[in-house]
file input_27.txt (compact mmCIF, C-alpha atoms)
# COMPACT_ATOMS: atom_id res chain seq x y z
CA MET U 1 80.86 102.64 93.74
CA TYR U 2 84.48 102.43 94.88
CA LYS U 3 87.09 104.87 93.62
CA ILE U 4 90.51 103.80 92.38
CA LEU U 5 92.88 106.11 94.26
CA SER U 6 96.05 104.92 92.54
CA LYS U 7 97.22 102.43 89.95
CA LYS U 8 100.72 101.13 89.32
CA GLU U 9 102.11 98.49 86.98
CA LEU U 10 104.46 96.22 88.95
CA ASN U 11 105.47 94.14 85.94
CA PRO U 12 103.98 93.50 82.48
CA THR U 13 101.25 91.22 83.88
CA VAL U 14 100.75 92.42 87.47
CA THR U 15 99.02 95.62 88.58
CA MET U 16 98.59 97.25 91.99
CA MET U 17 95.61 99.44 92.90
CA ASP U 18 94.53 101.35 96.00
CA ILE U 19 90.75 101.31 96.36
CA TYR U 20 88.82 103.72 98.58
CA ALA U 21 86.81 101.36 100.80
CA PRO U 22 86.88 102.71 104.39
CA LEU U 23 84.61 100.05 105.91
CA VAL U 24 86.80 97.27 104.53
CA ALA U 25 90.03 99.06 105.50
CA ALA U 26 88.80 99.43 109.09
CA LYS U 27 88.61 95.65 109.61
CA ALA U 28 91.02 94.07 107.10
CA GLU U 29 93.89 91.87 108.30
CA PRO U 30 96.68 90.00 106.46
CA GLY U 31 95.44 86.80 104.88
CA GLN U 32 91.88 87.97 104.28
CA PHE U 33 90.34 88.72 100.90
CA ILE U 34 87.67 90.82 99.23
CA ILE U 35 85.11 90.16 96.49
CA LEU U 36 84.84 92.71 93.71
CA ARG U 37 82.86 93.35 90.55
CA VAL U 38 84.24 95.72 87.96
CA ASP U 39 80.76 96.70 86.78
CA GLU U 40 77.15 95.84 87.58
CA ASP U 41 77.02 93.01 85.06
CA GLY U 42 80.48 91.73 85.90
CA GLU U 43 81.77 88.51 87.35
CA ARG U 44 82.47 88.35 91.09
CA ILE U 45 86.10 87.50 91.82
CA PRO U 46 88.06 87.14 95.07
CA LEU U 47 91.33 89.05 95.53
CA THR U 48 93.48 88.87 98.61
CA VAL U 49 94.06 92.04 100.61
CA ALA U 50 97.60 93.15 99.76
CA GLY U 51 97.64 96.02 102.27
CA TYR U 52 95.45 98.63 103.89
CA ASP U 53 95.56 102.14 105.30
CA ARG U 54 92.96 102.57 108.01
CA GLU U 55 93.44 106.34 108.23
CA LYS U 56 93.15 106.89 104.48
CA GLY U 57 90.35 104.32 104.22
CA SER U 58 92.06 102.48 101.38
CA VAL U 59 92.69 98.83 100.57
CA LYS U 60 95.50 97.67 98.31
CA ILE U 61 94.92 94.92 95.78
CA ILE U 62 97.51 93.35 93.51
CA PHE U 63 96.29 91.19 90.64
CA GLN U 64 97.69 89.26 87.73
CA ILE U 65 96.03 89.82 84.37
CA VAL U 66 95.07 86.24 83.57
CA GLY U 67 91.32 86.23 82.96
CA ALA U 68 88.47 88.28 81.55
CA THR U 69 87.66 90.13 84.78
CA THR U 70 91.24 91.04 85.64
CA LYS U 71 91.64 92.25 82.04
CA LYS U 72 88.59 94.52 82.47
CA LEU U 73 89.86 95.72 85.84
CA ASN U 74 93.22 96.60 84.34
CA TYR U 75 91.50 98.84 81.77
CA LYS U 76 90.36 101.04 84.65
CA SER U 77 92.48 104.09 85.50
CA GLU U 78 93.17 106.18 88.58
CA GLY U 79 90.03 108.17 89.37
CA ASP U 80 87.70 105.57 87.85
CA TYR U 81 85.25 103.52 89.91
CA ILE U 82 84.45 99.84 90.30
CA SER U 83 80.98 98.60 91.12
CA ASP U 84 81.44 96.38 94.20
CA PHE U 85 84.16 95.81 96.79
CA VAL U 86 83.03 93.58 99.67
CA GLY U 87 84.96 92.29 102.66
CA PRO U 88 87.05 91.52 104.52
CA LEU U 89 86.29 87.81 104.07
CA GLY U 90 88.08 84.65 105.15
CA LYS U 91 90.16 84.07 108.23
CA LYS U 92 93.19 86.21 108.97
CA THR U 93 96.66 84.66 109.08
CA GLU U 94 97.50 83.69 112.66
CA VAL U 95 100.72 85.44 113.67
CA ASP U 96 100.42 85.94 117.43
CA GLY U 97 103.27 84.52 119.48
CA LEU U 98 105.58 83.80 116.54
CA LYS U 99 109.19 84.86 117.12
CA LYS U 100 110.98 83.55 114.03
CA VAL U 101 109.23 82.84 110.74
CA CYS U 102 110.23 82.02 107.17
CA ILE U 103 107.94 83.52 104.52
CA VAL U 104 108.08 81.86 101.09
CA GLY U 105 106.35 83.70 98.23
CA GLY U 106 106.14 82.81 94.57
CA GLY U 107 105.18 85.14 91.73
CA VAL U 108 102.05 87.18 92.38
CA GLY U 109 101.67 85.22 95.63
CA CYS U 110 104.29 87.60 97.01
CA ALA U 111 101.56 90.24 97.08
CA ILE U 112 99.72 88.11 99.62
CA ALA U 113 102.85 87.15 101.54
CA LEU U 114 104.03 90.75 101.98
CA PRO U 115 101.32 91.97 104.41
CA VAL U 116 101.91 88.85 106.50
CA ALA U 117 105.64 89.60 106.62
CA GLN U 118 104.91 93.24 107.48
CA LYS U 119 102.55 92.27 110.30
CA LEU U 120 105.09 89.83 111.75
CA ALA U 121 107.84 92.45 111.65
CA GLU U 122 105.51 94.95 113.30
CA LEU U 123 105.02 92.47 116.15
CA GLY U 124 108.78 92.08 116.62
CA CYS U 125 109.13 88.72 114.86
CA GLU U 126 112.39 87.87 113.05
CA VAL U 127 111.39 87.41 109.41
CA THR U 128 113.32 85.53 106.75
CA SER U 129 111.79 85.95 103.30
CA ILE U 130 112.29 83.91 100.14
CA ILE U 131 110.65 85.24 96.98
CA GLY U 132 110.78 83.53 93.62
CA PHE U 133 109.98 84.47 90.02
CA ARG U 134 110.47 83.01 86.56
CA SER U 135 112.71 85.92 85.51
CA LYS U 136 113.86 89.42 86.49
CA GLU U 137 111.13 90.94 84.32
CA LEU U 138 108.48 89.49 86.65
CA LEU U 139 110.11 90.61 89.92
CA ILE U 140 107.80 92.54 92.29
CA LEU U 141 107.99 94.00 95.81
CA GLU U 142 111.68 93.34 96.47
CA ASP U 143 112.24 96.61 98.36
CA GLU U 144 109.12 96.09 100.45
CA PHE U 145 110.26 92.61 101.54
CA LYS U 146 113.78 93.88 102.22
CA ALA U 147 112.38 96.52 104.59
CA VAL U 148 110.77 93.93 106.89
CA SER U 149 113.14 90.96 106.58
CA LYS U 150 116.29 90.16 108.51
CA LYS U 151 117.30 87.98 105.56
CA LEU U 152 115.92 88.09 102.03
CA PHE U 153 116.58 85.59 99.25
CA VAL U 154 115.50 86.50 95.71
CA MET U 155 115.33 83.56 93.30
CA THR U 156 114.72 83.43 89.54
CA ASP U 157 114.26 80.26 87.50
CA ASP U 158 116.55 81.51 84.73
CA GLY U 159 119.15 83.20 86.94
CA SER U 160 118.49 86.63 85.41
CA TYR U 161 118.33 88.19 88.90
CA GLY U 162 119.27 87.14 92.41
CA ARG U 163 120.12 83.45 92.61
CA GLU U 164 119.24 80.89 89.99
CA GLY U 165 116.80 78.22 91.12
CA ASN U 166 113.51 77.84 92.91
CA VAL U 167 112.50 78.94 96.40
CA CYS U 168 113.26 75.52 97.89
CA VAL U 169 117.01 75.94 97.29
CA PRO U 170 117.73 78.45 100.10
CA LEU U 171 115.00 76.92 102.26
CA LYS U 172 116.65 73.49 102.14
CA GLU U 173 120.06 75.06 102.74
CA MET U 174 118.86 76.79 105.90
CA LEU U 175 117.03 73.75 107.23
CA GLY U 176 119.96 71.50 106.34
CA SER U 177 122.35 73.70 108.30
CA GLY U 178 120.19 73.32 111.40
CA GLU U 179 118.34 76.63 111.25
CA SER U 180 114.85 76.42 112.69
CA PHE U 181 111.69 78.49 112.58
CA ASP U 182 108.52 78.68 114.62
CA GLU U 183 106.66 78.37 111.33
CA VAL U 184 107.10 78.41 107.57
CA ILE U 185 104.37 80.25 105.65
CA SER U 186 104.17 79.60 101.92
CA ILE U 187 102.03 81.53 99.42
CA GLY U 188 102.19 81.07 95.67
CA PRO U 189 101.41 78.59 92.89
CA LEU U 190 100.06 75.23 94.06
CA VAL U 191 103.06 73.28 92.77
CA MET U 192 105.45 75.62 94.59
CA MET U 193 103.59 75.26 97.88
CA LYS U 194 103.55 71.49 97.46
CA PHE U 195 107.35 71.35 97.20
CA VAL U 196 107.84 73.82 100.05
CA VAL U 197 105.73 71.55 102.26
CA GLU U 198 107.81 68.52 101.26
CA ALA U 199 111.03 70.41 101.97
CA VAL U 200 109.84 71.33 105.46
CA ARG U 201 108.11 68.03 106.30
CA PRO U 202 111.20 66.16 107.61
CA THR U 203 111.76 68.88 110.22
CA GLY U 204 108.22 68.84 111.61
CA ILE U 205 108.20 72.67 111.64
CA PRO U 206 104.59 73.90 111.24
CA CYS U 207 104.00 74.80 107.59
CA THR U 208 101.05 76.96 106.58
CA VAL U 209 99.90 77.37 102.98
CA SER U 210 97.41 79.81 101.49
CA MET U 211 94.91 78.12 99.18
CA ASN U 212 93.60 81.34 97.65
CA PRO U 213 94.68 80.19 94.11
CA ILE U 214 91.74 77.78 93.99
CA MET U 215 89.06 80.24 95.13
CA ILE U 216 86.39 81.31 92.63
CA ASP U 217 83.24 82.91 94.09
CA GLY U 218 84.55 83.39 97.64
CA THR U 219 81.42 82.16 99.44
CA GLY U 220 81.70 78.36 99.28
CA MET U 221 78.54 78.08 97.19
CA CYS U 222 80.20 77.27 93.86
CA GLY U 223 82.24 74.39 95.25
CA GLY U 224 85.21 75.40 93.12
CA CYS U 225 87.51 75.80 96.12
CA ARG U 226 86.58 72.45 97.63
CA LEU U 227 89.70 71.06 99.24
CA THR U 228 90.56 67.59 100.49
CA LEU U 229 92.58 67.42 103.69
CA ILE U 230 94.09 64.24 105.07
CA ARG U 231 93.60 64.61 108.80
CA ASP U 232 94.20 61.85 111.34
CA GLY U 233 94.17 59.30 108.55
CA LYS U 234 90.79 60.44 107.21
CA ARG U 235 89.91 62.47 104.13
CA VAL U 236 88.12 65.66 105.15
CA THR U 237 86.48 68.19 102.83
CA GLU U 238 86.71 71.92 103.54
CA PHE U 239 86.44 75.10 101.46
CA ALA U 240 89.31 77.52 100.94
CA CYS U 241 87.13 80.61 101.04
CA VAL U 242 85.14 79.92 104.22
CA ASP U 243 87.46 77.60 106.17
CA GLY U 244 90.67 79.27 105.06
CA PRO U 245 92.37 80.45 102.98
CA ASP U 246 95.22 79.31 105.31
CA PHE U 247 95.64 75.58 105.94
CA ASN U 248 98.10 73.17 107.49
CA GLY U 249 100.25 72.31 104.48
CA TYR U 250 100.90 68.79 105.71
CA GLU U 251 97.19 67.99 105.42
CA VAL U 252 96.51 69.33 101.91
CA ASP U 253 96.00 66.90 99.01
CA PHE U 254 97.92 68.98 96.48
CA GLU U 255 97.59 66.49 93.64
CA GLU U 256 93.81 66.72 93.75
CA ALA U 257 93.87 70.52 94.14
CA MET U 258 96.15 70.95 91.12
CA SER U 259 94.05 68.59 89.00
CA ARG U 260 90.82 70.40 89.83
CA SER U 261 92.28 73.88 89.29
CA ALA U 262 93.27 72.94 85.75
CA MET U 263 89.63 72.25 84.82
CA TYR U 264 88.84 75.96 84.30
CA ARG U 265 91.82 76.96 82.14
CA ASP U 266 90.24 76.55 78.71
CA PHE U 267 87.04 78.36 79.75
CA GLU U 268 88.99 81.26 81.30
CA ARG U 269 91.24 81.56 78.26
CA HIS U 270 88.18 81.84 75.99
CA ALA U 271 86.63 84.52 78.24
CA TYR U 272 89.94 86.42 78.35
CA GLU U 273 90.28 86.44 74.56
CA SER U 274 86.65 87.57 74.14
CA THR U 275 87.26 90.47 76.52
CA CYS U 276 90.42 91.50 74.66
CA ASN U 277 88.50 91.47 71.35
CA LEU U 278 85.66 93.51 72.85
CA PHE U 279 87.93 96.24 74.17
CA SER U 280 89.98 96.29 70.97
CA LYS U 281 86.81 97.04 69.00
CA GLU U 282 85.81 99.78 71.45
CA VAL U 283 89.23 101.43 71.14
CA LYS U 284 88.95 101.44 67.35
call {"tool": "encode", "arguments": {"input": "input_27.txt", "output": "structure tokens"}}
result
Amino acid sequence: MYKILSKKELNPTVTMMDIYAPLVAAKAEPGQFIILRVDEDGERIPLTVAGYDREKGSVKIIFQIVGATTKKLNYKSEGDYISDFVGPLGKKTEVDGLKKVCIVGGGVGCAIALPVAQKLAELGCEVTSIIGFRSKELLILEDEFKAVSKKLFVMTDDGSYGREGNVCVPLKEMLGSGESFDEVISIGPLVMMKFVVEAVRPTGIPCTVSMNPIMIDGTGMCGGCRLTLIRDGKRVTEFACVDGPDFNGYEVDFEEAMSRSAMYRDFERHAYESTCNLFSKEVK
């Protein structure tokens, strides 16, 4: 059993928890993920490591309440326990040797982008961060990004905070003015990462994307995170959870990935509603 050391609501749909898991904390690196089960009969879900404290033995997770399991997890409180917490899994984000990097995060993907930005800053890299949200209400981690970024752009679709527009607006402005980076790292919704890649493509700057949004069981056995890459003119199949989650954005077939990820929406919505009904009855 793994104790929840702290719990904090970042916005109405996103929660942050610190979990006591010293063996995971000892090895975790930015870009990797864990598998958890809320209870013994629960579903296994992958969540990316959003931070760690090796001395305290804790691992930070940040999750959006979108499905049945994240709904159950959010019912847990500080001091409660979850059944399983396994990791770290996946390959860490490669940051060695980078001197100037642009980090682009969208929505809850910013929780995954932040530890990468922190690691880069720790290594002396000049970090420019662009974070985007639908509205001010959904903003998370602004102060944390500001602390590790030489430049920070905050974008909202409706203009309710920061600048109005999507994350590609300041990215295209910088690239258009001749600014260059050793690498652009994009983490967020699939459609956002697709357009970030297309914005960067004319420059030839290496562009890494995190394909964690398509992961399901985290072991490669379910096939749900199967990914088609176009490499040297050939279509290659890899798995986000075992071969990634980071990939060369220029190689990813985003249209296929987005189409496949939509297949599970109706099922997950039904499971989410069933969980809500179950807990509502228990509360009564």
call {"tool": "residues_near_point", "arguments": {"input": "input_27.txt", "point": "(117.1, 91.4, 97.4)", "cutoff": "12 Å", "atoms": "all atoms listed in the file", "output": "number ranges by chain"}}
result
U: 128-132, 136, 139-156, 161-163
call {"tool": "residues_around", "arguments": {"input": "input_27.txt", "residues": "Ile62 of chain U", "least_positions_apart": "6", "cutoff": "10 Å", "atoms": "only C-alpha atoms", "output": "MDAnalysis selection string"}}
result
chainID U and resid 7:10 14:18 47:51 108:112
call {"tool": "closest_residue", "arguments": {"input": "input_27.txt", "among": "U:Asp53, U:Glu179, U:Glu78, U:Glu29", "to": "Leu5 of chain U", "atoms": "all atoms listed in the file"}}
result
U:Glu78
call {"tool": "closest_residue", "arguments": {"input": "input_27.txt", "among": "U:Leu23, U:Ile103, U:Leu229, U:Ala121", "to": "Cys168 of chain U", "atoms": "all atoms listed in the file"}}
result
U:Ile103
call {"tool": "atom_distance", "arguments": {"input": "input_27.txt", "atom1": "atom CA of Gly188 of chain U", "atom2": "atom CA of Phe133 of chain U"}}
result
10.2 Å
call {"tool": "residues_around", "arguments": {"input": "input_27.txt", "residues": "Leu190 of chain U", "least_positions_apart": "6", "cutoff": "12 Å", "atoms": "only C-alpha atoms", "output": "count of residues only"}}
result
24
call {"tool": "atom_distance", "arguments": {"input": "input_27.txt", "atom1": "atom CA of Pro115 of chain U", "atom2": "atom CA of Tyr250 of chain U"}}
result
23.2 Å
call {"tool": "closest_residue", "arguments": {"input": "input_27.txt", "among": "U:Glu173, U:Glu55, U:Glu238, U:Asp243", "to": "Ala26 of chain U", "atoms": "all atoms listed in the file"}}
result
U:Glu55
call {"tool": "residues_around", "arguments": {"input": "input_27.txt", "residues": "Lys3 of chain U", "least_positions_apart": "6", "cutoff": "10 Å", "atoms": "only C-alpha atoms", "output": "ChimeraX atom specification"}}
result
/U:18-21,58,77-83
call {"tool": "axis_aligned_box", "arguments": {"input": "input_27.txt", "around": "segment 195-203 of chain U", "padding_each_side": "3 Å", "output": "AutoDock Vina command-line options"}}
result
--center_x 108.7 --center_y 70.0 --center_z 103.7 --size_x 12.0 --size_y 13.7 --size_z 19.0
call {"tool": "closest_residue", "arguments": {"input": "input_27.txt", "among": "U:Phe85, U:Phe239, U:Phe195, U:Phe181", "to": "Glu40 of chain U", "atoms": "all atoms listed in the file"}}
result
U:Phe85
call {"tool": "atom_distance", "arguments": {"input": "input_27.txt", "atom1": "atom CA of Ala28 of chain U", "atom2": "atom CA of Ala240 of chain U"}}
result
17.7 Å
call {"tool": "residues_around", "arguments": {"input": "input_27.txt", "residues": "Gly204 of chain U", "least_positions_apart": "2", "cutoff": "12 Å", "atoms": "all atoms listed in the file", "output": "PyMOL selection string"}}
result
chain U and resi 175+180-184+197-202+206-208+248-250
call {"tool": "closest_residue", "arguments": {"input": "input_27.txt", "among": "U:Asp158, U:Val59, U:Ile45, U:Pro30", "to": "Lys119 of chain U", "atoms": "all atoms listed in the file"}}
result
U:Pro30
call {"tool": "closest_residue", "arguments": {"input": "input_27.txt", "among": "U:Gly233, U:Pro12, U:Pro22, U:Gly31", "to": "Pro245 of chain U", "atoms": "all atoms listed in the file"}}
result
U:Gly31
call {"tool": "residues_near_point", "arguments": {"input": "input_27.txt", "point": "(82.0, 94.3, 95.6)", "cutoff": "6 Å", "atoms": "only C-alpha atoms", "output": "PyMOL selection string"}}
result
chain U and resi 35-37+84-86
call {"tool": "write_last_selection", "arguments": {"input": "input_27.txt", "atoms": "C-alpha atoms", "output": "short mmCIF file (atom, residue, chain, number, x, y, z; two decimals), keeping the file's coordinate frame"}}
result
data_model
loop_
_atom_site.label_atom_id
_atom_site.label_comp_id
_atom_site.auth_asym_id
_atom_site.auth_seq_id
_atom_site.Cartn_x
_atom_site.Cartn_y
_atom_site.Cartn_z
CA ILE U 35 85.11 90.16 96.49
CA LEU U 36 84.84 92.71 93.71
CA ARG U 37 82.86 93.35 90.55
CA ASP U 84 81.44 96.38 94.20
CA PHE U 85 84.16 95.81 96.79
CA VAL U 86 83.03 93.58 99.67
#
call {"tool": "decode", "arguments": {"input": "input_27.txt", "residues": "segment 24-59 of chain U", "atoms": "N, CA and C atoms", "output": "compact mmCIF listing (two decimals), in the first residue's frame"}}
result
# COMPACT_ATOMS: atom_id res chain seq x y z
N VAL U 24 10.53 3.92 -6.05
CA VAL U 24 10.28 4.61 -7.33
C VAL U 24 11.01 5.95 -7.34
N ALA U 25 10.91 6.69 -6.24
CA ALA U 25 11.54 8.01 -6.14
C ALA U 25 13.05 7.93 -6.33
N ALA U 26 13.66 6.83 -5.90
CA ALA U 26 15.11 6.68 -5.98
C ALA U 26 15.61 6.60 -7.42
N LYS U 27 14.76 6.16 -8.35
CA LYS U 27 15.19 5.93 -9.73
C LYS U 27 14.49 6.81 -10.76
N ALA U 28 13.42 7.48 -10.39
CA ALA U 28 12.60 8.21 -11.36
C ALA U 28 13.37 9.36 -12.03
N GLU U 29 13.06 9.58 -13.31
CA GLU U 29 13.62 10.68 -14.08
C GLU U 29 12.51 11.32 -14.90
N PRO U 30 12.68 12.60 -15.29
CA PRO U 30 11.67 13.26 -16.12
C PRO U 30 11.38 12.47 -17.39
N GLY U 31 10.10 12.37 -17.73
CA GLY U 31 9.69 11.65 -18.92
C GLY U 31 9.19 10.25 -18.64
N GLN U 32 9.56 9.68 -17.50
CA GLN U 32 9.12 8.33 -17.18
C GLN U 32 7.73 8.34 -16.56
N PHE U 33 7.15 7.14 -16.39
CA PHE U 33 5.81 7.06 -15.85
C PHE U 33 5.71 5.91 -14.85
N ILE U 34 4.59 5.88 -14.16
CA ILE U 34 4.30 4.80 -13.21
C ILE U 34 2.98 4.15 -13.61
N ILE U 35 2.74 2.96 -13.07
CA ILE U 35 1.43 2.30 -13.19
C ILE U 35 0.83 2.22 -11.79
N LEU U 36 -0.42 2.63 -11.66
CA LEU U 36 -1.05 2.52 -10.34
C LEU U 36 -2.40 1.83 -10.42
N ARG U 37 -2.81 1.28 -9.29
CA ARG U 37 -4.17 0.81 -9.08
C ARG U 37 -4.69 1.44 -7.79
N VAL U 38 -5.87 1.98 -7.85
CA VAL U 38 -6.44 2.63 -6.68
C VAL U 38 -6.75 1.60 -5.60
N ASP U 39 -7.30 0.46 -6.01
CA ASP U 39 -7.60 -0.62 -5.07
C ASP U 39 -7.29 -1.95 -5.73
N GLU U 40 -7.41 -3.04 -4.99
CA GLU U 40 -7.01 -4.35 -5.48
C GLU U 40 -7.80 -4.82 -6.69
N ASP U 41 -9.00 -4.37 -6.83
CA ASP U 41 -9.84 -4.76 -7.97
C ASP U 41 -9.85 -3.70 -9.07
N GLY U 42 -9.01 -2.70 -8.92
CA GLY U 42 -9.05 -1.56 -9.82
C GLY U 42 -8.32 -1.77 -11.14
N GLU U 43 -8.59 -0.86 -12.04
CA GLU U 43 -7.93 -0.81 -13.34
C GLU U 43 -6.50 -0.29 -13.18
N ARG U 44 -5.59 -0.80 -13.98
CA ARG U 44 -4.22 -0.31 -14.00
C ARG U 44 -4.13 0.85 -14.98
N ILE U 45 -3.62 1.98 -14.53
CA ILE U 45 -3.48 3.13 -15.45
C ILE U 45 -2.07 3.70 -15.34
N PRO U 46 -1.54 4.20 -16.47
CA PRO U 46 -0.24 4.86 -16.44
C PRO U 46 -0.38 6.35 -16.18
N LEU U 47 0.48 6.90 -15.33
CA LEU U 47 0.54 8.34 -15.09
C LEU U 47 2.00 8.77 -15.12
N THR U 48 2.27 9.84 -15.80
CA THR U 48 3.64 10.29 -15.92
C THR U 48 4.14 10.90 -14.61
N VAL U 49 5.39 10.65 -14.29
CA VAL U 49 6.01 11.23 -13.10
C VAL U 49 6.07 12.75 -13.26
N ALA U 50 5.44 13.47 -12.36
CA ALA U 50 5.40 14.93 -12.43
C ALA U 50 6.41 15.57 -11.49
N GLY U 51 7.21 14.75 -10.81
CA GLY U 51 8.22 15.25 -9.89
C GLY U 51 8.56 14.17 -8.89
N TYR U 52 9.65 14.37 -8.17
CA TYR U 52 10.06 13.38 -7.18
C TYR U 52 10.97 14.04 -6.16
N ASP U 53 10.99 13.48 -4.97
CA ASP U 53 11.87 13.93 -3.90
C ASP U 53 12.56 12.68 -3.36
N ARG U 54 13.81 12.51 -3.74
CA ARG U 54 14.53 11.29 -3.39
C ARG U 54 14.72 11.19 -1.87
N GLU U 55 14.97 12.31 -1.22
CA GLU U 55 15.19 12.29 0.23
C GLU U 55 13.90 11.94 0.98
N LYS U 56 12.80 12.51 0.56
CA LYS U 56 11.52 12.25 1.22
C LYS U 56 10.91 10.92 0.77
N GLY U 57 11.41 10.40 -0.36
CA GLY U 57 10.88 9.14 -0.87
C GLY U 57 9.52 9.27 -1.51
N SER U 58 9.23 10.45 -2.06
CA SER U 58 7.90 10.70 -2.62
C SER U 58 7.96 10.94 -4.13
N VAL U 59 6.87 10.61 -4.78
CA VAL U 59 6.71 10.83 -6.22
C VAL U 59 5.44 11.65 -6.43
